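Right, one structure below, let's go through it.
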Amino acid sequence: MSTDRLVGSGAEGPDEEVIEAALRPKRLDDFVGQERVREQLGLVLHSALRRSRTPDHVLLSGGPGLGKTTLAMIIAAELGQPLRVSSGPAIERAGDLAAILSTLAEGEVLFLDEIHRMARPAEEMLYMAMEDFRVDVVVGKGPGATAIPLDIAPFTLVGATTRAGMLPGPLRDRFGFVAHMDFYGPEELEVIVRRSARLLDVKIADDAAAEVAGRSRGTPRIANRLLRRVRDFAEVRADGVVTAGLARAALELYEVDERGLDRLDRAVLRSLLATFGGGPVGLSTLAVSVGEEPETVEVVAEPFLVRQGLLARTPRGRIATPAAWTHLGLTPPPPPGDAGTLFDVPGDPPPGG
Ligand SMILES: Nc1ncnc2c1ncn2[C@@H]1O[C@H](COP(=O)(O)OP(=O)(O)O)[C@@H](O)[C@H]1O
Ligand SMILES: [Mg+2]
C-alpha cells in the first residue's frame, strides 16, 4: 500500500502505532458507536463470564481503521485474560500455528489479524483447534508420517479480516459470533474526535470537531489522523486552538475534500470517468490505471465510494453514478434512454411536415 496517503488504511509507521495505542478505548463502555455489535458482544462475553466458560470464538469483519484490533483488546480486557497476538501472514506453516496453540493458557484470547491470509494447512489445523481444542501434529514425512494428537487449553479465538468473503466457509462457520463493523456516522465520529482531542490535549471548537468528523470517511483511524493534522496546522499557523476555519484550511491543504474523499478516492473516480467513460470497467484494470494493487482499491477506496453513492459494483464491472460526475465537476453523459431527445425536442416541426 502506498505510504504517502493521508487517508491511508493501516497504521502508518511506529509513531502512529504509539498514538493509536494511546487513543484506544480500553473497555466496551468506552467504545464509541457500533451499537449493535457492542451490545451483542457484551452479551456473549458476560454470559460466558457468568458460566465461567470460554466464550464463542469471535470474528470481526470490516474495513481498515474501523476498530477491529481495538475490539480484540477489549474482549481480552472484559474477560480479564491476556491477549496473544499473531496474524495470518505470520503463520506460514501449520507448525507455526501449533507452536502458538500449544502454549496457550486456559482461557487466553488469541487474536489472529488478517486471518484470511493464513496458509491453507494452518487453516485446517485451526478448524480442529477451534472445535475440539485439539490439534494433530504430523511427525515425519511420506508413508511413515504419523499424526500425534495434542490437547490444547480451551481458548477464545478472535479473528479479524477486511475480507470476510475470502474466508473459507468451514472456517467462518466455526465462529460462534460474527461482528460486521460498518462505517461510523458523523455524530459518532464527532464523539471520537472530541475524545481524542481531550486525550491529546488539543483545544478544538465544537464546529471544528464536526468538520473533521464529517471528512473522516466514516473511519475512526482517519478521524484521529485528521485531528492530528489540523492540530499541527493550528499550532504553526495560529495559536494552537483549532477553529472550524483552520480545520477546513488544513484539510484542503491535505487534499481531503468536503465529502472526505482523499487523493486515491478521487484518482479512482477520475480514472473511471475520464479514462473509462464512467465504466463498466474491471477492478484490476481500474487498479492498474491508478497505480495501486487491486486489493487496495477494493478494500480501501471502493467501500467508501459505494457508501457515498459515487460508484457501483455491477456484474460487468465498476460504474460511476451521475453523482460522481457532478462531484468532480464534470458533465455526466446523457442516460442511454435519452438518445432520442435530439429528434423530438418540443416545438420542433414533426418530421416530414
Ligand atoms: N469505536 C471506536 N471508538 C473510539 N476510537 C476508535 C474506535 N474504533 C477505532 N478507534 C480508534 O481508531 C484507531 C484504529 O482502530 P483499530 O482498532 O486499530 O482499527 P482496525 O484494527 O480495524 O484497523 C485506533 O487508534 C482507535 O483508537
Ligand atoms: Mg487492526
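To be explicit about the labels: the chains of the C-alpha cells are called A, B, and onward in the order shown, and within each one the residues are counted from 1, while ligands get numbers from 1 in the order they are shown.
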
Per residue of chain A within 7 Å of ligand 2, what are the shortest atom pair and its distance in Å to one decimal, counting only C-alpha atoms and all ligand atoms, with rows by chain and residue number, as a tab-separated table?
residue	atom	partner	partner_atom_place_in_ligand_line	distance
A:Pro64	CA	ligand 2	1 (Mg)	6.8
A:Gly65	CA	ligand 2	1 (Mg)	6.7
A:Gly67	CA	ligand 2	1 (Mg)	6.9
A:Lys68	CA	ligand 2	1 (Mg)	5.4
A:Thr69	CA	ligand 2	1 (Mg)	4.2
A:Asp113	CA	ligand 2	1 (Mg)	6.7

- Message: If the limit is 7 Å from any atom of ligand 1, counting only C-alpha atoms and all ligand atoms, which residues qualify? Return them as number ranges by chain.
- Response: A: 10, 19-21, 23-25, 30-34, 62-71, 192, 220-221, 224

Just the selected residues (N, CA and C atoms), exported as a JSON list (two decimals), in the first residue's frame, please.
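out-v8.json, freshly written:
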[["chain", "number", "residue", "atom", "x", "y", "z"],
["A", 10, "GLY", "N", -3.86, 1.20, 6.91],
["A", 10, "GLY", "CA", -3.34, 0.71, 8.16],
["A", 10, "GLY", "C", -2.63, 1.81, 8.93],
["A", 19, "ILE", "N", 0.58, 6.38, 19.01],
["A", 19, "ILE", "CA", -0.56, 7.27, 19.24],
["A", 19, "ILE", "C", -1.86, 6.49, 19.24],
["A", 20, "GLU", "N", -1.98, 5.54, 18.30],
["A", 20, "GLU", "CA", -3.21, 4.74, 18.25],
["A", 20, "GLU", "C", -3.41, 4.00, 19.56],
["A", 21, "ALA", "N", -2.32, 3.45, 20.08],
["A", 21, "ALA", "CA", -2.42, 2.70, 21.33],
["A", 21, "ALA", "C", -2.93, 3.61, 22.44],
["A", 23, "LEU", "N", -4.84, 6.15, 22.11],
["A", 23, "LEU", "CA", -6.22, 6.59, 21.87],
["A", 23, "LEU", "C", -7.23, 5.46, 21.94],
["A", 24, "ARG", "N", -6.74, 4.23, 22.04],
["A", 24, "ARG", "CA", -7.66, 3.09, 22.02],
["A", 24, "ARG", "C", -8.54, 3.03, 23.25],
["A", 25, "PRO", "N", -9.85, 2.96, 23.06],
["A", 25, "PRO", "CA", -10.71, 2.70, 24.21],
["A", 25, "PRO", "C", -10.33, 1.35, 24.81],
["A", 30, "ASP", "N", -16.33, 2.29, 26.69],
["A", 30, "ASP", "CA", -15.67, 3.46, 26.09],
["A", 30, "ASP", "C", -15.67, 3.40, 24.58],
["A", 31, "PHE", "N", -16.05, 2.24, 24.04],
["A", 31, "PHE", "CA", -16.02, 2.06, 22.60],
["A", 31, "PHE", "C", -17.20, 2.81, 22.00],
["A", 32, "VAL", "N", -16.92, 3.75, 21.11],
["A", 32, "VAL", "CA", -17.96, 4.62, 20.57],
["A", 32, "VAL", "C", -18.62, 3.96, 19.36],
["A", 33, "GLY", "N", -19.94, 4.06, 19.27],
["A", 33, "GLY", "CA", -20.64, 3.61, 18.07],
["A", 33, "GLY", "C", -20.75, 2.09, 17.96],
["A", 34, "GLN", "N", -21.07, 1.60, 16.75],
["A", 34, "GLN", "CA", -21.25, 0.16, 16.51],
["A", 34, "GLN", "C", -22.17, -0.43, 17.58],
["A", 62, "GLY", "N", -14.52, -6.10, 8.77],
["A", 62, "GLY", "CA", -14.76, -4.71, 8.45],
["A", 62, "GLY", "C", -13.52, -4.06, 7.89],
["A", 63, "GLY", "N", -13.69, -2.91, 7.30],
["A", 63, "GLY", "CA", -12.60, -2.20, 6.63],
["A", 63, "GLY", "C", -11.51, -1.77, 7.59],
["A", 64, "PRO", "N", -10.39, -1.33, 7.02],
["A", 64, "PRO", "CA", -9.28, -0.88, 7.84],
["A", 64, "PRO", "C", -9.66, 0.34, 8.69],
["A", 65, "GLY", "N", -9.23, 0.35, 9.95],
["A", 65, "GLY", "CA", -9.41, 1.52, 10.79],
["A", 65, "GLY", "C", -10.74, 1.63, 11.48],
["A", 66, "LEU", "N", -11.59, 0.58, 11.38],
["A", 66, "LEU", "CA", -12.93, 0.66, 11.98],
["A", 66, "LEU", "C", -12.96, 0.16, 13.42],
["A", 67, "GLY", "N", -11.84, -0.37, 13.92],
["A", 67, "GLY", "CA", -11.82, -0.73, 15.34],
["A", 67, "GLY", "C", -11.70, -2.22, 15.64],
["A", 68, "LYS", "N", -11.23, -3.03, 14.69],
["A", 68, "LYS", "CA", -11.13, -4.47, 14.93],
["A", 68, "LYS", "C", -10.08, -4.81, 15.99],
["A", 69, "THR", "N", -8.88, -4.24, 15.84],
["A", 69, "THR", "CA", -7.83, -4.51, 16.82],
["A", 69, "THR", "C", -8.24, -3.99, 18.20],
["A", 70, "THR", "N", -8.86, -2.82, 18.20],
["A", 70, "THR", "CA", -9.33, -2.24, 19.45],
["A", 70, "THR", "C", -10.31, -3.18, 20.14],
["A", 71, "LEU", "N", -11.26, -3.73, 19.38],
["A", 71, "LEU", "CA", -12.25, -4.63, 19.97],
["A", 71, "LEU", "C", -11.61, -5.91, 20.47],
["A", 192, "ILE", "N", -15.73, 10.70, 18.86],
["A", 192, "ILE", "CA", -14.36, 10.15, 18.85],
["A", 192, "ILE", "C", -13.34, 11.28, 18.73],
["A", 220, "PRO", "N", -12.77, 5.83, 12.26],
["A", 220, "PRO", "CA", -12.09, 6.41, 13.43],
["A", 220, "PRO", "C", -10.59, 6.64, 13.22],
["A", 221, "ARG", "N", -9.90, 5.70, 12.59],
["A", 221, "ARG", "CA", -8.46, 5.91, 12.42],
["A", 221, "ARG", "C", -8.20, 7.19, 11.64],
["A", 224, "ASN", "N", -8.85, 10.31, 13.77],
["A", 224, "ASN", "CA", -7.71, 10.61, 14.65],
["A", 224, "ASN", "C", -6.54, 11.20, 13.87]]

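Candidate residues A:Leu305, A:Ala179, A:Leu261, A:Ala197 were compared for distance to Glu39 of chain A, and the nearest is A:Ala179, using only C-alpha atoms.
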
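One finds atom CA of Pro14 of chain A at 19.8 Å from atom CA of Arg84 of chain A.
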
Using only C-alpha atoms, what table do you get, as CSV, when you list each residue of segment 285-335 of chain A with an atom no more than 10 Å from segment 160-177 of chain A, its nearest pair of atoms, and their distance in Å rounded to one decimal, rows by chain then rising number?
residue,atom,partner,partner_atom,distance
A:Glu295,CA,A:Arg163,CA,9.6
A:Glu298,CA,A:Arg163,CA,9.7
A:Val299,CA,A:Thr162,CA,7.0
A:Val300,CA,A:Thr162,CA,9.4

Can you write out the residues you just picked, keeping N, CA and C atoms, as a PDB file, in the first residue's frame?
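Wrote it out as out.pdb, contents follow:
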ATOM      1  N   GLU A 295      -6.335  -5.039  -4.455  1.00  0.00           N
ATOM      2  CA  GLU A 295      -6.863  -5.179  -3.093  1.00  0.00           C
ATOM      3  C   GLU A 295      -7.001  -3.818  -2.402  1.00  0.00           C
ATOM      4  N   GLU A 298      -9.999  -2.152  -3.803  1.00  0.00           N
ATOM      5  CA  GLU A 298     -11.227  -2.833  -3.400  1.00  0.00           C
ATOM      6  C   GLU A 298     -11.541  -2.645  -1.913  1.00  0.00           C
ATOM      7  N   VAL A 299     -10.504  -2.712  -1.076  1.00  0.00           N
ATOM      8  CA  VAL A 299     -10.730  -2.679   0.373  1.00  0.00           C
ATOM      9  C   VAL A 299     -10.734  -1.254   0.919  1.00  0.00           C
ATOM     10  N   VAL A 300      -9.883  -0.384   0.354  1.00  0.00           N
ATOM     11  CA  VAL A 300      -9.724   0.958   0.925  1.00  0.00           C
ATOM     12  C   VAL A 300     -10.623   1.986   0.239  1.00  0.00           C
TER      13      VAL A 300
END

Pick out the residues sitting within 9 Å of Pro333 of chain A, and hand them over as a PDB file with N, CA and C atoms, in the first residue's frame; count only C-alpha atoms, and ignore anything fewer than 4 positions along from it in its own chain.
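Writing done, so here's result30.pdb:
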ATOM      1  N   GLY A 277     -14.876   6.412 -19.355  1.00  0.00           N
ATOM      2  CA  GLY A 277     -16.184   6.969 -19.697  1.00  0.00           C
ATOM      3  C   GLY A 277     -17.287   6.629 -18.709  1.00  0.00           C
ATOM      4  N   GLY A 278     -16.903   6.352 -17.453  1.00  0.00           N
ATOM      5  CA  GLY A 278     -17.910   6.037 -16.438  1.00  0.00           C
ATOM      6  C   GLY A 278     -18.100   4.539 -16.238  1.00  0.00           C
ATOM      7  N   PRO A 322     -24.191   9.184 -11.637  1.00  0.00           N
ATOM      8  CA  PRO A 322     -24.225  10.599 -12.037  1.00  0.00           C
ATOM      9  C   PRO A 322     -23.609  11.509 -10.975  1.00  0.00           C
ATOM     10  N   TRP A 325     -19.892  12.230 -11.414  1.00  0.00           N
ATOM     11  CA  TRP A 325     -19.551  13.269 -12.404  1.00  0.00           C
ATOM     12  C   TRP A 325     -19.696  14.639 -11.777  1.00  0.00           C
TER      13      TRP A 325
END

- Query: Among segment 255-347 of chain A, which residues carry a DSSP assignment of alpha helix (DSSP H), reported as an NGL selection string?
  - Reply: :A and (263-270 or 283-289 or 294-296 or 302-307 or 322-327)
